[in-house]
>>> print(open('query.txt').read())   # compact mmCIF, C-alpha atoms
# COMPACT_ATOMS: atom_id res chain seq x y z
CA MET A 1 -7.86 8.09 -4.01
CA SER A 2 -7.22 10.06 -0.86
CA ARG A 3 -4.37 9.22 1.47
CA ILE A 4 -6.84 8.55 4.32
CA LEU A 5 -8.99 6.14 2.30
CA LEU A 6 -5.89 4.24 1.19
CA ALA A 7 -4.75 3.97 4.81
CA LEU A 8 -8.13 2.76 6.09
CA GLY A 9 -8.49 0.21 3.32
CA CYS A 10 -5.03 -1.24 3.87
CA LEU A 11 -5.46 -1.33 7.65
CA ALA A 12 -8.70 -3.28 7.44
CA LEU A 13 -7.06 -5.89 5.25
CA LEU A 14 -3.97 -6.10 7.43
CA VAL A 15 -6.08 -6.77 10.49
CA ALA A 16 -8.02 -9.47 8.65
CA GLY A 17 -4.76 -11.12 7.58
CA VAL A 18 -3.48 -11.72 4.08
CA ALA A 19 -1.64 -14.60 2.45
CA ARG A 20 1.86 -14.09 1.12
CA ALA A 21 2.18 -14.42 -2.63
CA GLN A 22 4.55 -17.02 -4.00
CA GLU A 23 7.83 -15.90 -5.54
CA PRO A 24 7.30 -12.15 -5.03
CA VAL A 25 9.44 -9.65 -6.90
CA ILE A 26 11.58 -7.47 -4.63
CA PRO A 27 12.01 -4.01 -6.19
CA ASN A 28 15.43 -2.38 -6.32
CA PHE A 29 15.69 1.41 -6.46
CA TRP A 30 19.45 1.62 -5.89
CA ASP A 31 21.95 1.84 -8.72
CA PRO A 32 24.76 -0.65 -7.92
CA ARG A 33 27.21 1.59 -9.79
CA SER A 34 26.49 4.63 -7.64
CA ARG A 35 29.11 5.62 -5.09
CA ILE A 36 27.90 6.79 -1.68
CA GLU A 37 30.56 7.36 0.94
CA ARG A 38 30.15 5.80 4.36
CA PRO A 39 29.27 8.59 6.81
CA ASN A 40 31.24 9.34 9.93
CA ALA A 41 29.12 7.92 12.75
CA ASP A 42 30.53 10.48 15.18
CA THR A 43 29.07 13.37 13.18
CA ILE A 44 25.57 11.95 12.76
CA GLY A 45 24.33 11.67 16.33
CA PRO A 46 20.84 10.59 17.38
CA ILE A 47 18.10 11.05 14.77
CA ARG A 48 14.54 12.09 15.65
CA PHE A 49 12.13 10.83 13.01
CA LEU A 50 8.69 12.33 12.46
CA ALA A 51 5.95 10.01 11.18
CA THR A 52 2.19 9.49 11.24
CA ASN A 53 0.32 6.69 13.00
CA ASP A 54 -2.53 6.27 10.51
CA PHE A 55 -0.88 5.19 7.25
CA PRO A 56 -0.78 1.38 7.04
CA PRO A 57 1.14 -0.59 6.07
CA PHE A 58 3.83 2.08 6.52
CA SER A 59 3.15 3.42 10.03
CA TYR A 60 0.14 2.63 12.18
CA ARG A 61 -0.95 1.40 15.59
CA ASP A 62 -1.64 -2.27 16.21
CA ARG A 63 -4.41 -3.54 18.48
CA ARG A 64 -2.22 -2.99 21.53
CA GLY A 65 -1.44 0.58 20.52
CA ALA A 66 2.15 -0.13 19.52
CA LEU A 67 3.54 1.79 16.55
CA ILE A 68 4.42 -0.64 13.75
CA GLY A 69 4.79 -0.69 9.98
CA PHE A 70 7.19 -0.85 7.07
CA ASP A 71 8.55 2.65 7.69
CA ILE A 72 8.99 2.02 11.40
CA ASP A 73 11.01 -1.15 10.85
CA LEU A 74 12.94 0.60 8.08
CA ILE A 75 13.93 3.31 10.59
CA ARG A 76 15.32 0.65 12.91
CA ALA A 77 17.29 -0.93 10.08
CA VAL A 78 18.69 2.44 8.95
CA CYS A 79 19.77 3.38 12.46
CA ASP A 80 21.37 -0.03 12.92
CA VAL A 81 23.50 0.62 9.82
CA LEU A 82 24.45 4.09 11.06
CA LYS A 83 25.02 2.77 14.60
CA THR A 84 23.13 5.66 16.07
CA ALA A 85 20.19 6.04 18.43
CA CYS A 86 16.84 6.94 16.89
CA ALA A 87 13.45 8.01 18.16
CA VAL A 88 10.07 8.27 16.42
CA GLN A 89 7.45 10.93 17.13
CA THR A 90 4.00 10.72 15.51
CA ARG A 91 2.01 13.72 14.38
CA PRO A 92 -0.84 14.48 11.96
CA PHE A 93 0.43 14.46 8.39
CA GLU A 94 -0.42 18.10 7.72
CA THR A 95 1.80 19.25 10.61
CA LEU A 96 4.93 17.30 9.69
CA GLU A 97 6.67 19.85 7.48
CA LYS A 98 6.25 22.67 9.99
CA ALA A 99 7.49 20.43 12.81
CA LEU A 100 10.57 19.55 10.76
CA ARG A 101 11.33 23.16 9.89
CA ASP A 102 10.81 24.14 13.54
CA LYS A 103 13.44 21.53 14.48
CA GLU A 104 11.01 19.40 16.46
CA GLY A 105 12.46 16.45 14.56
CA ASP A 106 15.35 15.74 12.21
CA ALA A 107 13.73 13.72 9.42
CA VAL A 108 10.24 12.96 8.12
CA ILE A 109 9.31 9.48 6.90
CA ALA A 110 5.65 9.66 5.92
CA GLY A 111 5.31 10.07 2.17
CA LEU A 112 5.96 13.82 2.36
CA ALA A 113 6.89 15.25 -1.06
CA PRO A 114 9.03 18.41 -0.86
CA ASP A 115 7.83 21.40 -2.84
CA PRO A 116 10.66 22.34 -5.25
CA GLU A 117 9.16 25.83 -5.60
CA ALA A 118 9.44 26.58 -1.88
CA ASP A 119 11.76 29.38 -0.78
CA GLU A 120 13.91 26.83 1.04
CA PRO A 121 13.09 23.42 -0.44
CA LEU A 122 13.47 20.45 1.86
CA LEU A 123 16.03 17.79 0.94
CA ALA A 124 14.93 14.24 0.16
CA THR A 125 16.77 10.95 -0.03
CA ARG A 126 16.55 8.69 -3.02
CA PRO A 127 13.24 6.79 -3.09
CA TYR A 128 13.04 3.65 -0.99
CA LEU A 129 9.76 2.58 -2.60
CA LYS A 130 7.72 3.53 -5.62
CA VAL A 131 4.11 2.47 -6.01
CA PRO A 132 3.38 1.43 -9.61
CA ALA A 133 0.08 1.19 -11.41
CA ARG A 134 -1.26 -2.23 -12.34
CA PHE A 135 -4.15 -3.88 -14.14
CA VAL A 136 -6.20 -6.50 -12.31
CA THR A 137 -8.42 -8.92 -14.19
CA LEU A 138 -10.45 -12.05 -13.53
CA LYS A 139 -8.31 -15.17 -13.27
CA GLU A 140 -10.26 -17.05 -15.92
CA THR A 141 -9.94 -14.34 -18.56
CA ALA A 142 -7.01 -13.34 -20.75
CA PHE A 143 -6.19 -9.66 -20.97
CA ASP A 144 -3.55 -7.95 -23.07
CA PRO A 145 -3.63 -4.16 -22.61
CA GLY A 146 -1.45 -3.75 -25.68
CA ALA A 147 -3.90 -5.57 -27.93
CA PRO A 148 -7.42 -4.65 -26.81
CA ALA A 149 -10.41 -6.28 -28.43
CA GLY A 150 -13.11 -3.82 -27.49
CA GLU A 151 -12.91 -4.60 -23.77
CA PHE A 152 -13.76 -1.96 -21.19
CA VAL A 153 -11.22 -1.13 -18.49
CA GLY A 154 -12.35 0.60 -15.33
CA THR A 155 -10.52 3.28 -13.38
CA VAL A 156 -11.32 6.24 -11.13
CA CYS A 157 -12.66 9.34 -12.87
CA GLY A 158 -10.23 12.23 -13.04
CA SER A 159 -7.39 10.25 -11.50
CA ALA A 160 -3.76 10.10 -12.56
CA HIS A 161 -4.46 6.52 -13.61
CA GLN A 162 -7.16 7.63 -16.04
CA ALA A 163 -4.77 10.25 -17.47
CA TYR A 164 -2.08 7.58 -17.87
CA LEU A 165 -4.46 5.28 -19.75
CA ASP A 166 -5.51 8.14 -22.04
CA ARG A 167 -1.86 8.91 -22.81
CA TYR A 168 -0.33 5.45 -23.17
CA PHE A 169 -3.29 3.16 -23.95
CA PRO A 170 -5.47 5.27 -26.28
CA ASP A 171 -7.02 2.20 -27.89
CA LEU A 172 -8.55 0.94 -24.65
CA ASN A 173 -12.20 1.64 -23.91
CA VAL A 174 -12.03 3.31 -20.50
CA ALA A 175 -15.01 3.39 -18.16
CA CYS A 176 -14.50 5.77 -15.26
CA PHE A 177 -16.03 5.30 -11.81
CA GLN A 178 -16.42 7.61 -8.84
CA ASN A 179 -14.28 5.34 -6.67
CA MET A 180 -12.11 2.25 -6.98
CA GLN A 181 -14.49 -0.02 -5.11
CA ALA A 182 -17.24 0.63 -7.66
CA ALA A 183 -14.86 -0.32 -10.46
CA LEU A 184 -13.79 -3.50 -8.67
CA ASN A 185 -17.42 -4.45 -8.07
CA SER A 186 -18.08 -4.13 -11.80
CA LEU A 187 -15.06 -6.30 -12.52
CA GLN A 188 -16.38 -9.03 -10.21
CA GLU A 189 -19.75 -8.78 -11.94
CA LYS A 190 -17.92 -9.39 -15.26
CA ARG A 191 -18.97 -6.05 -16.71
CA LEU A 192 -15.33 -5.03 -17.15
CA LYS A 193 -12.33 -6.79 -18.61
CA ALA A 194 -9.89 -5.21 -16.15
CA VAL A 195 -9.40 -2.43 -13.62
CA PHE A 196 -6.40 -0.08 -13.58
CA GLY A 197 -5.19 1.62 -10.45
CA ASP A 198 -2.76 1.96 -7.57
CA ALA A 199 -0.90 -1.33 -7.10
CA LEU A 200 -0.70 -0.93 -3.32
CA ARG A 201 -4.42 -0.86 -2.74
CA LEU A 202 -5.06 -3.42 -5.47
CA SER A 203 -2.53 -5.86 -3.98
CA PHE A 204 -4.30 -5.88 -0.62
CA TRP A 205 -7.70 -6.14 -2.28
CA LEU A 206 -6.56 -9.16 -4.32
CA HIS A 207 -5.84 -11.13 -1.17
CA GLY A 208 -8.60 -9.71 0.98
CA GLU A 209 -11.94 -11.32 1.67
CA SER A 210 -13.94 -8.94 -0.53
CA SER A 211 -12.19 -10.06 -3.72
CA GLU A 212 -13.19 -13.68 -3.10
CA ALA A 213 -9.93 -14.71 -4.83
CA CYS A 214 -11.43 -13.70 -8.15
CA CYS A 215 -8.57 -11.89 -9.75
CA HIS A 216 -4.87 -11.32 -10.30
CA PHE A 217 -2.45 -8.75 -11.70
CA ALA A 218 -2.08 -8.63 -15.48
CA GLY A 219 0.47 -6.52 -17.28
CA GLY A 220 2.87 -3.99 -15.86
CA PRO A 221 4.05 -2.80 -13.47
CA TYR A 222 3.87 0.76 -14.77
CA LEU A 223 6.03 3.44 -13.15
CA SER A 224 5.85 7.13 -13.98
CA ASP A 225 7.18 10.00 -11.88
CA ARG A 226 4.95 12.37 -13.82
CA TYR A 227 1.71 10.52 -13.18
CA PHE A 228 2.28 8.52 -10.00
CA GLY A 229 4.95 10.49 -8.14
CA ASP A 230 8.65 9.88 -7.69
CA GLY A 231 8.37 7.57 -4.72
CA LEU A 232 8.56 7.51 -0.95
CA LYS A 233 11.59 9.28 0.49
CA ILE A 234 12.97 10.48 3.81
CA VAL A 235 12.92 14.28 4.03
CA VAL A 236 15.27 16.54 6.00
CA ARG A 237 15.82 20.31 6.38
CA PRO A 238 17.60 22.27 3.62
CA ASP A 239 20.77 22.64 5.72
CA GLU A 240 21.07 18.93 6.55
CA ALA A 241 22.82 17.64 3.44
CA GLU A 242 25.18 15.53 5.55
CA LEU A 243 22.25 13.77 7.23
CA LYS A 244 20.55 13.28 3.88
CA ASN A 245 23.69 11.65 2.46
CA ALA A 246 24.01 9.42 5.54
CA LEU A 247 20.41 8.27 5.15
CA ASP A 248 20.99 7.52 1.46
CA TYR A 249 23.98 5.39 2.41
CA ALA A 250 22.02 3.56 5.09
CA LEU A 251 19.04 2.88 2.82
CA ARG A 252 21.32 1.35 0.21
CA GLU A 253 23.04 -0.81 2.82
CA VAL A 254 19.69 -1.99 4.18
CA TYR A 255 18.91 -3.25 0.69
CA ARG A 256 22.34 -4.82 0.13
CA LYS A 257 22.17 -6.73 3.42
CA GLY A 258 18.82 -8.27 2.53
CA THR A 259 16.93 -6.50 5.31
CA TYR A 260 14.86 -4.54 2.82
CA ALA A 261 13.64 -7.76 1.21
CA GLU A 262 12.62 -9.13 4.61
CA LEU A 263 10.60 -6.01 5.40
CA TYR A 264 9.04 -5.91 1.95
CA LEU A 265 7.85 -9.51 2.25
CA ARG A 266 6.51 -8.84 5.73
CA TYR A 267 4.36 -5.87 4.81
CA PHE A 268 3.46 -6.46 1.16
CA PRO A 269 1.92 -9.95 0.96
CA VAL A 270 1.67 -9.79 -2.81
CA SER A 271 4.41 -7.92 -4.63
CA LEU A 272 3.45 -4.60 -6.17
CA PHE A 273 5.81 -5.52 -8.99
>>> encode(input="query.txt", output="structure tokens")
Amino acid sequence: MSRILLALGCLALLVAGVARAQEPVIPNFWDPRSRIERPNADTIGPIRFLATNDFPPFSYRDRRGALIGFDIDLIRAVCDVLKTACAVQTRPFETLEKALRDKEGDAVIAGLAPDPEADEPLLATRPYLKVPARFVTLKETAFDPGAPAGEFVGTVCGSAHQAYLDRYFPDLNVACFQNMQAALNSLQEKRLKAVFGDALRLSFWLHGESSEACCHFAGGPYLSDRYFGDGLKIVVRPDEAELKNALDYALREVYRKGTYAELYLRYFPVSLF
């Protein structure tokens, strides 16, 4: 699934409005035993964040043109912890790394994954969110991915999710589709037992109008850095280790204070986990 299609799909469902799931699970990506020193506020200074404006629910424009989203509110929370002024500039995704290296901003928060093979690899904070894979199935049917009974599971052809099923669920009968919507349509038509894919898109589909409240998550969540990436992080220049460490500290504090949970519930109406 392309980044643009994911953004458009999520935006359409956000505009339509979605119901909050009961008793959601709030993920925690911070080790309570880790020690991160509090940064010196005097050495941090104002932070200029670079983001996109077309990646809901993380950063996008509302009907009035205001920039909103999970990442945008997370920036405010981080800067409140660091007691520093922050600004957000939006640019097309493909221009963000160059803008950062050219010092047009200090940090990128847009799902940018640094290339470890680059001559001067960018630095990244610890992940503030990982998107797992999940199965969705019809509410009236029972599905156990660990004990298949000849059922067919749909996923997107050639995707990381298909590769994951082939590796870890070799006994499942996998039917691949050209896109996720085709697989979900087949599930609603009861031609599949389940569909496996990106939990972010699936969570919004579950509570969107097109699902007609047919389905729910079953099994998982499944996390894999190899197949699904190592999560969303804030990225800074190679020579900004002090800023990177300060952002790590702030992200952990945002979680410890409960602000992260508030933002997660606001932007993810059904927990990915």
>>> axis_aligned_box(input="query.txt", around="stretch 58-63 of chain A", padding_each_side="6 Å", output="AutoDock Vina command-line options")
--center_x -0.3 --center_y -0.1 --center_z 12.5 --size_x 20.2 --size_y 19.0 --size_z 24.0
>>> atom_distance(input="query.txt", atom1="atom CA of A:Ala41", atom2="atom CA of A:Arg91")
27.8 Å
>>> residues_around(input="query.txt", residues="A:Lys193", least_positions_apart="5", cutoff="6 Å", atoms="only C-alpha atoms", output="count of residues only")
3
>>> residues_around(input="query.txt", residues="A:Lys257", least_positions_apart="4", cutoff="12 Å", atoms="all atoms listed in the file", output="PyMOL selection string")
chain A and resi 77-78+80-81+250-253+261-263
>>> residues_around(input="query.txt", residues="A:Glu104", least_positions_apart="4", cutoff="9 Å", atoms="all atoms listed in the file", output="ChimeraX atom specification")
/A:48,50,98-100
>>> write_last_selection(input="query.txt", atoms="C-alpha atoms", output="PDB file, in the coordinates of the input")
ATOM      1  CA  ARG A  48      14.540  12.090  15.650  1.00  0.00           C
ATOM      2  CA  LEU A  50       8.690  12.330  12.460  1.00  0.00           C
ATOM      3  CA  LYS A  98       6.250  22.670   9.990  1.00  0.00           C
ATOM      4  CA  ALA A  99       7.490  20.430  12.810  1.00  0.00           C
ATOM      5  CA  LEU A 100      10.570  19.550  10.760  1.00  0.00           C
TER       6      LEU A 100
END
>>> residues_around(input="query.txt", residues="A:His161", least_positions_apart="5", cutoff="7 Å", atoms="only C-alpha atoms", output="VMD selection string")
chain A and resid 155 196 to 197
>>> closest_residue(input="query.txt", among="A:Ile26, A:Ala213, A:Ala124, A:Ala160", to="A:Val235", atoms="only C-alpha atoms")
A:Ala124
>>> atom_distance(input="query.txt", atom1="atom CA of A:Val195", atom2="atom CA of A:Ser224")
18.0 Å
>>> closest_residue(input="query.txt", among="A:Thr125, A:Asp42, A:Asn53, A:Phe228", to="A:Phe93", atoms="all atoms listed in the file")
A:Asn53
>>> closest_residue(input="query.txt", among="A:Pro46, A:Leu67, A:Phe204, A:Ala147", to="A:Tyr267", atoms="only C-alpha atoms")
A:Phe204
>>> residues_around(input="query.txt", residues="stretch 164-166 of chain A", least_positions_apart="5", cutoff="8 Å", atoms="all atoms listed in the file", output="mmCIF file with C-alpha atoms, in the frame of the given file")
data_model
loop_
_atom_site.group_PDB
_atom_site.id
_atom_site.type_symbol
_atom_site.label_atom_id
_atom_site.label_comp_id
_atom_site.auth_asym_id
_atom_site.auth_seq_id
_atom_site.Cartn_x
_atom_site.Cartn_y
_atom_site.Cartn_z
ATOM 1 C CA LEU A 172 -8.550 0.940 -24.650
ATOM 2 C CA VAL A 174 -12.030 3.310 -20.500
ATOM 3 C CA TYR A 227 1.710 10.520 -13.180
#
>>> atom_distance(input="query.txt", atom1="atom CA of A:Glu240", atom2="atom CA of A:Leu122")
9.1 Å
>>> closest_residue(input="query.txt", among="A:Phe58, A:Tyr249, A:Phe268, A:Phe135", to="A:His216", atoms="all atoms listed in the file")
A:Phe135
>>> closest_residue(input="query.txt", among="A:Leu184, A:Arg237, A:Val156, A:Glu120", to="A:Gly105", atoms="all atoms listed in the file")
A:Arg237
>>> closest_residue(input="query.txt", among="A:Ala194, A:Ala218, A:Ala110, A:Ala133", to="A:Tyr60", atoms="only C-alpha atoms")
A:Ala110
>>> residues_near_point(input="query.txt", point="(20.1, 7.2, 3.0)", cutoff="12 Å", atoms="only C-alpha atoms", output="number ranges by chain")
A: 29-30, 36-39, 74-75, 77-79, 81-82, 107, 109, 123-128, 233-236, 241-255
>>> build_atoms(input="query.txt", residues="stretch 163-189 of chain A", atoms="N, CA, C and O atoms", output="PDB file, in the frame of the given file")
ATOM      1  N   ALA A 163      -5.610   9.444 -16.578  1.00  0.00           N
ATOM      2  CA  ALA A 163      -4.770  10.250 -17.470  1.00  0.00           C
ATOM      3  C   ALA A 163      -3.681   9.392 -18.118  1.00  0.00           C
ATOM      4  O   ALA A 163      -3.357   9.557 -19.298  1.00  0.00           O
ATOM      5  N   TYR A 164      -3.121   8.468 -17.339  1.00  0.00           N
ATOM      6  CA  TYR A 164      -2.080   7.580 -17.870  1.00  0.00           C
ATOM      7  C   TYR A 164      -2.648   6.680 -18.955  1.00  0.00           C
ATOM      8  O   TYR A 164      -2.007   6.481 -20.004  1.00  0.00           O
ATOM      9  N   LEU A 165      -3.832   6.128 -18.737  1.00  0.00           N
ATOM     10  CA  LEU A 165      -4.460   5.280 -19.750  1.00  0.00           C
ATOM     11  C   LEU A 165      -4.732   6.083 -21.025  1.00  0.00           C
ATOM     12  O   LEU A 165      -4.504   5.593 -22.139  1.00  0.00           O
ATOM     13  N   ASP A 166      -5.226   7.302 -20.869  1.00  0.00           N
ATOM     14  CA  ASP A 166      -5.510   8.140 -22.040  1.00  0.00           C
ATOM     15  C   ASP A 166      -4.244   8.412 -22.842  1.00  0.00           C
ATOM     16  O   ASP A 166      -4.283   8.456 -24.074  1.00  0.00           O
ATOM     17  N   ARG A 167      -3.120   8.561 -22.138  1.00  0.00           N
ATOM     18  CA  ARG A 167      -1.860   8.910 -22.810  1.00  0.00           C
ATOM     19  C   ARG A 167      -1.198   7.695 -23.448  1.00  0.00           C
ATOM     20  O   ARG A 167      -0.722   7.755 -24.586  1.00  0.00           O
ATOM     21  N   TYR A 168      -1.136   6.582 -22.722  1.00  0.00           N
ATOM     22  CA  TYR A 168      -0.330   5.450 -23.170  1.00  0.00           C
ATOM     23  C   TYR A 168      -1.141   4.266 -23.701  1.00  0.00           C
ATOM     24  O   TYR A 168      -0.570   3.371 -24.331  1.00  0.00           O
ATOM     25  N   PHE A 169      -2.442   4.238 -23.434  1.00  0.00           N
ATOM     26  CA  PHE A 169      -3.290   3.160 -23.950  1.00  0.00           C
ATOM     27  C   PHE A 169      -4.531   3.765 -24.610  1.00  0.00           C
ATOM     28  O   PHE A 169      -5.661   3.502 -24.202  1.00  0.00           O
ATOM     29  N   PRO A 170      -4.334   4.573 -25.663  1.00  0.00           N
ATOM     30  CA  PRO A 170      -5.470   5.270 -26.280  1.00  0.00           C
ATOM     31  C   PRO A 170      -6.484   4.356 -26.950  1.00  0.00           C
ATOM     32  O   PRO A 170      -7.618   4.782 -27.205  1.00  0.00           O
ATOM     33  N   ASP A 171      -6.103   3.111 -27.227  1.00  0.00           N
ATOM     34  CA  ASP A 171      -7.020   2.200 -27.890  1.00  0.00           C
ATOM     35  C   ASP A 171      -7.933   1.452 -26.921  1.00  0.00           C
ATOM     36  O   ASP A 171      -8.856   0.747 -27.362  1.00  0.00           O
ATOM     37  N   LEU A 172      -7.682   1.586 -25.632  1.00  0.00           N
ATOM     38  CA  LEU A 172      -8.550   0.940 -24.650  1.00  0.00           C
ATOM     39  C   LEU A 172      -9.851   1.718 -24.481  1.00  0.00           C
ATOM     40  O   LEU A 172      -9.864   2.948 -24.545  1.00  0.00           O
ATOM     41  N   ASN A 173     -10.926   1.010 -24.272  1.00  0.00           N
ATOM     42  CA  ASN A 173     -12.200   1.640 -23.910  1.00  0.00           C
ATOM     43  C   ASN A 173     -12.214   1.808 -22.392  1.00  0.00           C
ATOM     44  O   ASN A 173     -12.261   0.814 -21.662  1.00  0.00           O
ATOM     45  N   VAL A 174     -12.146   3.027 -21.933  1.00  0.00           N
ATOM     46  CA  VAL A 174     -12.030   3.310 -20.500  1.00  0.00           C
ATOM     47  C   VAL A 174     -13.378   3.724 -19.943  1.00  0.00           C
ATOM     48  O   VAL A 174     -14.035   4.642 -20.458  1.00  0.00           O
ATOM     49  N   ALA A 175     -13.807   3.026 -18.903  1.00  0.00           N
ATOM     50  CA  ALA A 175     -15.010   3.390 -18.160  1.00  0.00           C
ATOM     51  C   ALA A 175     -14.575   3.948 -16.814  1.00  0.00           C
ATOM     52  O   ALA A 175     -13.861   3.272 -16.073  1.00  0.00           O
ATOM     53  N   CYS A 176     -14.961   5.182 -16.516  1.00  0.00           N
ATOM     54  CA  CYS A 176     -14.500   5.770 -15.260  1.00  0.00           C
ATOM     55  C   CYS A 176     -15.598   5.666 -14.197  1.00  0.00           C
ATOM     56  O   CYS A 176     -16.793   5.720 -14.487  1.00  0.00           O
ATOM     57  N   PHE A 177     -15.138   5.485 -12.948  1.00  0.00           N
ATOM     58  CA  PHE A 177     -16.030   5.300 -11.810  1.00  0.00           C
ATOM     59  C   PHE A 177     -15.683   6.338 -10.743  1.00  0.00           C
ATOM     60  O   PHE A 177     -14.562   6.850 -10.685  1.00  0.00           O
ATOM     61  N   GLN A 178     -16.636   6.616  -9.879  1.00  0.00           N
ATOM     62  CA  GLN A 178     -16.420   7.610  -8.840  1.00  0.00           C
ATOM     63  C   GLN A 178     -15.420   7.154  -7.787  1.00  0.00           C
ATOM     64  O   GLN A 178     -14.774   7.970  -7.131  1.00  0.00           O
ATOM     65  N   ASN A 179     -15.266   5.856  -7.616  1.00  0.00           N
ATOM     66  CA  ASN A 179     -14.280   5.340  -6.670  1.00  0.00           C
ATOM     67  C   ASN A 179     -13.820   3.960  -7.130  1.00  0.00           C
ATOM     68  O   ASN A 179     -14.454   3.328  -7.980  1.00  0.00           O
ATOM     69  N   MET A 180     -12.697   3.518  -6.560  1.00  0.00           N
ATOM     70  CA  MET A 180     -12.110   2.250  -6.980  1.00  0.00           C
ATOM     71  C   MET A 180     -12.991   1.066  -6.638  1.00  0.00           C
ATOM     72  O   MET A 180     -13.065   0.096  -7.402  1.00  0.00           O
ATOM     73  N   GLN A 181     -13.660   1.111  -5.492  1.00  0.00           N
ATOM     74  CA  GLN A 181     -14.490  -0.020  -5.110  1.00  0.00           C
ATOM     75  C   GLN A 181     -15.605  -0.276  -6.107  1.00  0.00           C
ATOM     76  O   GLN A 181     -15.935  -1.427  -6.413  1.00  0.00           O
ATOM     77  N   ALA A 182     -16.184   0.791  -6.648  1.00  0.00           N
ATOM     78  CA  ALA A 182     -17.240   0.630  -7.660  1.00  0.00           C
ATOM     79  C   ALA A 182     -16.688  -0.048  -8.912  1.00  0.00           C
ATOM     80  O   ALA A 182     -17.353  -0.903  -9.516  1.00  0.00           O
ATOM     81  N   ALA A 183     -15.479   0.321  -9.298  1.00  0.00           N
ATOM     82  CA  ALA A 183     -14.860  -0.320 -10.460  1.00  0.00           C
ATOM     83  C   ALA A 183     -14.589  -1.790 -10.194  1.00  0.00           C
ATOM     84  O   ALA A 183     -14.832  -2.651 -11.053  1.00  0.00           O
ATOM     85  N   LEU A 184     -14.087  -2.105  -9.000  1.00  0.00           N
ATOM     86  CA  LEU A 184     -13.790  -3.500  -8.670  1.00  0.00           C
ATOM     87  C   LEU A 184     -15.062  -4.335  -8.589  1.00  0.00           C
ATOM     88  O   LEU A 184     -15.074  -5.508  -8.988  1.00  0.00           O
ATOM     89  N   ASN A 185     -16.134  -3.738  -8.091  1.00  0.00           N
ATOM     90  CA  ASN A 185     -17.420  -4.450  -8.070  1.00  0.00           C
ATOM     91  C   ASN A 185     -17.863  -4.799  -9.477  1.00  0.00           C
ATOM     92  O   ASN A 185     -18.350  -5.907  -9.734  1.00  0.00           O
ATOM     93  N   SER A 186     -17.703  -3.875 -10.403  1.00  0.00           N
ATOM     94  CA  SER A 186     -18.080  -4.130 -11.800  1.00  0.00           C
ATOM     95  C   SER A 186     -17.213  -5.211 -12.417  1.00  0.00           C
ATOM     96  O   SER A 186     -17.684  -6.009 -13.234  1.00  0.00           O
ATOM     97  N   LEU A 187     -15.939  -5.241 -12.030  1.00  0.00           N
ATOM     98  CA  LEU A 187     -15.060  -6.300 -12.520  1.00  0.00           C
ATOM     99  C   LEU A 187     -15.546  -7.661 -12.031  1.00  0.00           C
ATOM    100  O   LEU A 187     -15.612  -8.617 -12.818  1.00  0.00           O
ATOM    101  N   GLN A 188     -15.890  -7.765 -10.756  1.00  0.00           N
ATOM    102  CA  GLN A 188     -16.380  -9.030 -10.210  1.00  0.00           C
ATOM    103  C   GLN A 188     -17.695  -9.454 -10.861  1.00  0.00           C
ATOM    104  O   GLN A 188     -17.980 -10.645 -10.976  1.00  0.00           O
ATOM    105  N   GLU A 189     -18.473  -8.480 -11.273  1.00  0.00           N
ATOM    106  CA  GLU A 189     -19.750  -8.780 -11.940  1.00  0.00           C
ATOM    107  C   GLU A 189     -19.554  -9.048 -13.437  1.00  0.00           C
ATOM    108  O   GLU A 189     -20.529  -9.195 -14.178  1.00  0.00           O
TER     109      GLU A 189
END
